[in-house]
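S.K.: Here you go, one structure.
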Amino acid sequence: MDARLNYFANPTAGKALKYFMSVGRELKESPLPATTQELVALRVSQINGCAVCIDMHTKEAAAAGESPVRLNLIAAWREATVFTAAERAALELAEQGTRVADAATGVSDEVWARAAQHYDEEQLTALVLLVSFMNTVNRLNIITQQPAGDYQVGQFH
């Protein structure tokens, strides 16, 4: 499978994405726990059906020590007992923030309050930016049919 566009060979994409991808690098340095970041990135990508991002974040999480059980259960996190209350709050916020068209209301006050119980304002800011960033990256990859399976850990960092 070939991508519709090669972002790395396109001058316009190269200029714009250089700045855009710096957001992703800054988020990695945020106070939001790295494990939470990978779980959220993976779950958002699953919801959107972004194969290349699922490939990337599954491999990055595994390389960072995430267990296969948790990676396999992320799609069913509500029924799984392997996630902390804080991770569950972040995943719930990420799902509602991703499914804005489905929910028609965005993130509910109850979901926001649960997340705010576990994360301070700086971490919440990083979480909101991460959900928004992942949704954008997912769309960039889905629209251009970027192929999945060949990602190498650390390739874009």
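Going by the structure tokens order, chains are called A, B, ..., each with residues numbered from 1, while ligands are numbered from 1 in the order shown.
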When you look at segment 110-116 of chain A with a cut-off of 10 Å (counting only C-alpha atoms), what residues show up, excluding the ones that are within fewer than 5 positions of it in the same chain? I need them as a list in words.
M.R.: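 In the requested format, the answer is Ala85, Ala86, Glu87, Arg88, Ala89, Ala90, Leu91, Glu92, Leu93, Ala94, Gln96, Glu121, Gln123, Leu124 and Leu127 of chain A.
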S.K.: For Met21 of chain A, work out the shell of residues within 12 Å, counting only C-alpha atoms and skipping chain neighbours fewer than 5 positions away, then give it as a JSON list (two decimals) with N, CA and C atoms, in the first residue's frame.
M.R.:
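The resulting file, around30.json, is shown below:
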[["chain", "number", "residue", "atom", "x", "y", "z"],
["A", 7, "TYR", "N", 4.50, 13.06, 2.91],
["A", 7, "TYR", "CA", 4.70, 14.30, 3.66],
["A", 7, "TYR", "C", 6.17, 14.70, 3.75],
["A", 13, "ALA", "N", 4.25, 20.50, 2.97],
["A", 13, "ALA", "CA", 4.07, 19.68, 4.17],
["A", 13, "ALA", "C", 5.29, 19.78, 5.07],
["A", 14, "GLY", "N", 6.46, 19.75, 4.48],
["A", 14, "GLY", "CA", 7.68, 19.82, 5.28],
["A", 14, "GLY", "C", 7.76, 21.08, 6.11],
["A", 15, "LYS", "N", 7.40, 22.20, 5.52],
["A", 15, "LYS", "CA", 7.42, 23.48, 6.25],
["A", 15, "LYS", "C", 6.38, 23.49, 7.37],
["A", 16, "ALA", "N", 5.17, 23.12, 7.05],
["A", 16, "ALA", "CA", 4.09, 23.18, 8.03],
["A", 16, "ALA", "C", 4.24, 22.13, 9.12],
["A", 26, "GLU", "N", 7.00, 18.68, 22.36],
["A", 26, "GLU", "CA", 6.79, 19.45, 23.60],
["A", 26, "GLU", "C", 5.87, 18.69, 24.56],
["A", 27, "LEU", "N", 4.85, 18.05, 24.03],
["A", 27, "LEU", "CA", 3.93, 17.30, 24.88],
["A", 27, "LEU", "C", 4.65, 16.15, 25.58],
["A", 28, "LYS", "N", 5.61, 15.53, 24.90],
["A", 28, "LYS", "CA", 6.39, 14.45, 25.52],
["A", 28, "LYS", "C", 7.09, 14.94, 26.78],
["A", 130, "LEU", "N", -2.90, 17.02, 23.91],
["A", 130, "LEU", "CA", -2.59, 15.70, 23.35],
["A", 130, "LEU", "C", -3.77, 15.11, 22.59],
["A", 133, "PHE", "N", -4.10, 17.12, 19.42],
["A", 133, "PHE", "CA", -2.97, 16.80, 18.54],
["A", 133, "PHE", "C", -3.18, 15.45, 17.87],
["A", 134, "MET", "N", -3.53, 14.44, 18.66],
["A", 134, "MET", "CA", -3.71, 13.09, 18.11],
["A", 134, "MET", "C", -4.84, 13.05, 17.10],
["A", 136, "THR", "N", -5.77, 15.42, 15.15],
["A", 136, "THR", "CA", -5.27, 16.04, 13.92],
["A", 136, "THR", "C", -4.32, 15.11, 13.18],
["A", 137, "VAL", "N", -3.38, 14.52, 13.90],
["A", 137, "VAL", "CA", -2.43, 13.60, 13.27],
["A", 137, "VAL", "C", -3.16, 12.40, 12.66],
["A", 140, "LEU", "N", -4.63, 13.53, 9.38],
["A", 140, "LEU", "CA", -3.60, 13.68, 8.35],
["A", 140, "LEU", "C", -3.21, 12.32, 7.76],
["A", 156, "PHE", "N", 10.22, 8.97, 15.08],
["A", 156, "PHE", "CA", 9.82, 10.37, 14.92],
["A", 156, "PHE", "C", 10.18, 11.23, 16.12],
["A", 157, "HIS", "N", 11.09, 10.77, 16.95],
["A", 157, "HIS", "CA", 11.44, 11.56, 18.15],
["A", 157, "HIS", "C", 12.85, 12.06, 18.06]]
S.K.: Pull the helix (DSSP H, G or I) assignments for segment 66-139 of chain A out of DSSP run on the backbone, and list those residues as a ChimeraX atom specification.
M.R.: /A:68-76,85-98,100-103,109-118,121-139
S.K.: Considering only C-alpha atoms, can you say which of A:Ser108, A:Leu39, A:Asn135, A:Ile54 comes closest to Ser67 of chain A?
M.R.: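 Distance minimum relative to Ser67 of chain A lands on A:Leu39.
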S.K.: Which of these residues is nearest to Lys59 of chain A, using only C-alpha atoms: A:Glu38, A:Arg43, A:Leu5, A:Ile142?
M.R.: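 Counting only C-alpha atoms, the residue closest to Lys59 of chain A is A:Glu38.
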